[in-house]
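Below you'll find the structure, written out as structure tokens, and then a few comments.
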Amino acid sequence: MPVSWFLLSLALGRSPVVLSLERLVGPQDTARCSPGLSCHLWDGDLLCLPGSIVSAPGPVLVPTHLQTELVLRCHQETDCGLCVRVAVHLAVHGHWEEPKDEEQFGRAADAGLEEARNASLQAQVVLSFNSYTTARCVLLEVKVPAALVQPGQSVGSVVFDCFEAALGAEVQIWSYTQPNYQKELNFTQQLPDCKGYEVRDSIQSCWALPWLNVSADGDDVHLVLDVSKEQHFGLSLYWNQVENPTKPWWHRNLTGPQTITLNHKDLVPCLCIQVWPLEPDSVRTSICPFRKDPRAHRNLWRAARLQLLPPRGWRLDAPCSLPAEATLCWQALGGGPCQPLVPPLSRENVTVNKPLEFPLLKGHPNLCVQVSSWEKMQLQECLWSDSLGPLKDDMLLVETRGPQDNRSLCALEPSGCTPLLSRASTRAARLGEHLLQDLESGQCLQLWDDDLGALWACPMNKYTHQRWALVWLACLLFAAVLFLLLLLKKDHVKGWLRLLKEDVHAGAARSRSALLLYSADDEGFERLVGALASALCQLPLRVAVDLWSRRELSAHGPLAWFHAQRRQTLQEGGVVVLLFSPGAVALCHEWLQDRASVPGAQSPHDAFAASLNCVLPDFLQGRAPGRYVGAYFDSLLRPDAVPALFRAVPVLSLPSQLPDFLRALQGPGIPRLGRLADWAEQVSRALQPVLDSCQRLPATPETGREVGLEAGDRT
């Protein structure tokens with residue numbers, strides 16, 4: 001349901017906040033005064049001739065202020081017209097002058113002056129009323145008793161009833177005295193039409209006007225006209241512009257009732273609505289309901305356009321007047337904000353839809369126009385760039401002229417206006433002397449000139465070319481020196497290239513992952529596996545082992561952990577390392593004999609027993625080569641103890657075959673042999689102390705696996 005946005009009764013009917021107008025019965029004009037004054041209205045109208053201003057011979061009455069009030073003059077109860085009541089406030093102007101020759105006139109002069117001071121003041125006040133349908137002049141005669149005559153003091157007012165006028169008319173009222181002792185007072189007032197006052201039932205011309213309701217529903221605005229089905233009326237939407245004639249936007253002759261829908265994007269502050277009955281000499285009533293609507297103001301700025309008018313003129317096109325100012329600014333080639341040229345050029349009030357021109361001698365593509373409203377920049381266009389070409393790398397010099405031919409020059413830069421002969425570390429300061437020489441030799445283009453100063457555009461292309469020439473020369477010199485050094489140090493260069501090549505291979509190797517699987521035979525063997533994993537992490541490898549993931553194993557179980565690690569390792573092109581020990585070999589033989597998973601894992605963290613269901617099928621189905629590598633420790637397991645099924649992949653002895661083991665882990669990115677030997681030596685040093693301690697440990701119940709395994713092998 002539409003939400004009431006604002007309700008406008010175009011008099012168009014009664015409104016709960018309207019003012020009731022006083023009714024005057026009869027066609028006669030009347031006048032009345034403040035207490036203590038006497039006044040008389042002359043019959044008939046006069047010819048309005050103010051005449052010239054004369055000097056007051058003494059104290060006189062003059063009008064000081066005009067005040068109006070709207071009333072209704074009714075010939076019958078329902079036959080009324082709008083009327084303007086005028087109140088003229090009066091004051092005493094001037095004072096009595098003493099006689100110049102008191103001795104000559106003596107007591108006679110004193111008596112005459114005293115008699116004049118005790119007399120009342122009289123004035124003839126003229127009221128002139130003018131509208132497009134009426135022009136009248138009336139004469140009011142006012143007397144003020146002597147007791148109220150005080151120079152410079154107000155004495156009261158006289159009220160005239162009344163000047164009849166048409167609805168919606170603009171009226172002008174003047175007041176002066178005969179003779180005229182001062183400049184006449186004037187007052188202009190726009191009379192209402194059938195809206196805002198309780199006149200619908202009293203003025204017959206308002207009876208036929210429709211009732212208009214303006215409401216909003218989402219993005220739409222509804223104009224609802226509630227009239228009878230038989231009534232014909234006109235409806236016009238127009239842009240009310242002060243500087244230009246009214247522009248009709250939409251017009252229709254309709255029969256009520258009607259609902260007209262407008263999109264909110266069509267709203268602008270000056271969009272007005274006019275309605276009238278389709279009858280001869282009918283009253284037209286207009287409203288402009290969107291003047292304070294924020295959406296209408298935003299739409300107005302979106303619709304505003306700056307247009308080029310060659311050679312140096314421009315125009316701001318907009319459907320409504322804009323409270324805006326415009327100024328020229330300078331847009332540098334390197335970007336950044338446009339620098340306003342204020343001073344020396346002043347801002348100008350913008351008149352929309354009217355050609356404007358700044359006082360320039362020459363045009364320039366870097367000159368732009370900024371239009372701002374309430375200290376906020378709204379529009380900016382480099383208007384002459386299309387006709388004068390793209391932006392130039394020119395420096396704008398601002399010349400300021402003072403008294404006694406004093407002259408100062410500065411260059412406009414993003415940081416401000418820099419004096420040319422300053423020590424600032426800016427481009428203009430460094431080239432200050434050269435720019436002065438260009439200016440004196442006539443190489444700069446004068447854009448503006450008057451008594452206060454001038455603007456000059458000096459080209460900077462030649463200085464830019466010189467700077468780049470120096471840069472290229474420095475680069476060539478550096479390249480020659482570098483080539484010379486390479487010739488002198490060619491052996492060192494070859495070494496650098498080899499190192500660089502190795503670093504590239506090492507970088508490729510870092511993408512290789514390795515998953516270590518082992519059987520936790522005892523604590524010593526676990527320490528040995530941990531030492532191997534730590535040593536491999538020092539190489540360009542990413543190592544995963546269950547020793548470092550005990551929390552995940554407890555949370556998800558060994559089988560889920562192995563599946564996740566195996567999938568990630570193989571997807572990344574890595575390798576799964578099977579570390580064979582007596583316990584691991586025994587578990588493999590049990591699985592091969594039963595063809596089922598081994599339920600009795602030695603530890604809840606033993607991933608090897610859980611992984612056999614996935615590892616052994618890969619070997620049985622021929623998917624193991626390239627994915628798996630086998631290894632065992634020399635002093636802990638005989639070479640022939642590894643089941644034959646696993647020899648489909650390399651099974652290497654540690655630490656005796658460490659170089660081959662590391663080469664298998666590296667995969668395609670194989671480093672040079674010297675680097676591989678260094679890595680093998682590094683891993684061997686890390687393993688040897690732990691391996692020695694494993695050989696010295698006493699036998700434990702876990703060694704039963706080895707006895708059983710050997711027996712199994714022999715059977």
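The way I read the labels, and the way they are meant: chains A, B, ... in the order of the structure tokens, residue 1 as the first residue of every chain, and ligand 1 as the first ligand shown, with later ones counted on from there.
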
I'd like the neighbourhood of segment 147-149 of chain A as a PyMOL selection string, where a residue qualifies if any of its atoms comes within 8 Å (using only C-alpha atoms), though same-chain residues fewer than 2 positions away should be ignored.
chain A and resi 92+118+120-121+144-145+151+153+155

For the atom pair atom CA of Ala555 of chain A and atom CA of Gln538 of chain A, what is the interatomic distance in Å to one decimal place?
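Taking atom CA of Ala555 of chain A as the start and atom CA of Gln538 of chain A as the end point, the length is 28.7 Å.
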
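Nearest to Val629 of chain A of all the residues A:Leu579, A:Cys614, A:Ile53, A:Leu409 is A:Leu579, counting only C-alpha atoms.
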
Non-local contacts of Leu237 of chain A (10 Å; only C-alpha atoms; under 6 positions in same chain excluded) as a PyMOL selection string:
chain A and resi 247-252+271-275+286-288

Could you tell me, as a ChimeraX atom specification, which residues of segment 164-303 of chain A DSSP assigns to alpha helix (DSSP H) when given the backbone?
/A:294-303

Leaving out Val171 of chain A and any residue of its chain fewer than 3 positions from it, which residues lie within 6 Å of it when counting only C-alpha atoms, given as a list of chain:residue names?
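Answer for this query is A:Asn130, A:Ser131, A:Thr188, A:Gln189.
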
Output file for the selection above: all heavy atoms, as a PDB file, in the first residue's frame:
```pdb
ATOM      1  N   ASN A 130      -0.953  47.658  -7.987  1.00  0.00           N
ATOM      2  CA  ASN A 130      -0.814  47.288  -9.398  1.00  0.00           C
ATOM      3  C   ASN A 130      -0.668  45.773  -9.509  1.00  0.00           C
ATOM      4  O   ASN A 130       0.115  45.152  -8.787  1.00  0.00           O
ATOM      5  CB  ASN A 130       0.425  47.972  -9.996  1.00  0.00           C
ATOM      6  CG  ASN A 130       0.428  47.891 -11.512  1.00  0.00           C
ATOM      7  OD1 ASN A 130      -0.508  47.381 -12.110  1.00  0.00           O
ATOM      8  ND2 ASN A 130       1.474  48.402 -12.123  1.00  0.00           N
ATOM      9  N   SER A 131      -1.461  45.137 -10.381  1.00  0.00           N
ATOM     10  CA  SER A 131      -1.327  43.726 -10.746  1.00  0.00           C
ATOM     11  C   SER A 131      -1.617  43.624 -12.230  1.00  0.00           C
ATOM     12  O   SER A 131      -1.904  44.612 -12.900  1.00  0.00           O
ATOM     13  CB  SER A 131      -2.282  42.858  -9.925  1.00  0.00           C
ATOM     14  OG  SER A 131      -3.627  43.092 -10.311  1.00  0.00           O
ATOM     15  N   THR A 188       6.199  44.037  -2.791  1.00  0.00           N
ATOM     16  CA  THR A 188       5.744  43.072  -3.796  1.00  0.00           C
ATOM     17  C   THR A 188       5.314  41.798  -3.092  1.00  0.00           C
ATOM     18  O   THR A 188       6.007  41.315  -2.185  1.00  0.00           O
ATOM     19  CB  THR A 188       6.858  42.774  -4.811  1.00  0.00           C
ATOM     20  OG1 THR A 188       7.266  43.989  -5.430  1.00  0.00           O
ATOM     21  CG2 THR A 188       6.366  41.798  -5.871  1.00  0.00           C
ATOM     22  N   GLN A 189       4.174  41.249  -3.521  1.00  0.00           N
ATOM     23  CA  GLN A 189       3.642  40.046  -2.875  1.00  0.00           C
ATOM     24  C   GLN A 189       3.038  39.125  -3.919  1.00  0.00           C
ATOM     25  O   GLN A 189       2.380  39.577  -4.866  1.00  0.00           O
ATOM     26  CB  GLN A 189       2.584  40.424  -1.830  1.00  0.00           C
ATOM     27  CG  GLN A 189       2.002  39.230  -1.091  1.00  0.00           C
ATOM     28  CD  GLN A 189       1.033  39.652   0.000  1.00  0.00           C
ATOM     29  OE1 GLN A 189       0.773  40.840   0.169  1.00  0.00           O
ATOM     30  NE2 GLN A 189       0.508  38.693   0.733  1.00  0.00           N
TER      31      GLN A 189
END
```

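Minimum atom-to-atom distance to Glu552 of chain A, evaluated using only C-alpha atoms, belongs to A:Ala564 out of A:Ala564, A:Ala535, A:Cys458, A:Val481.
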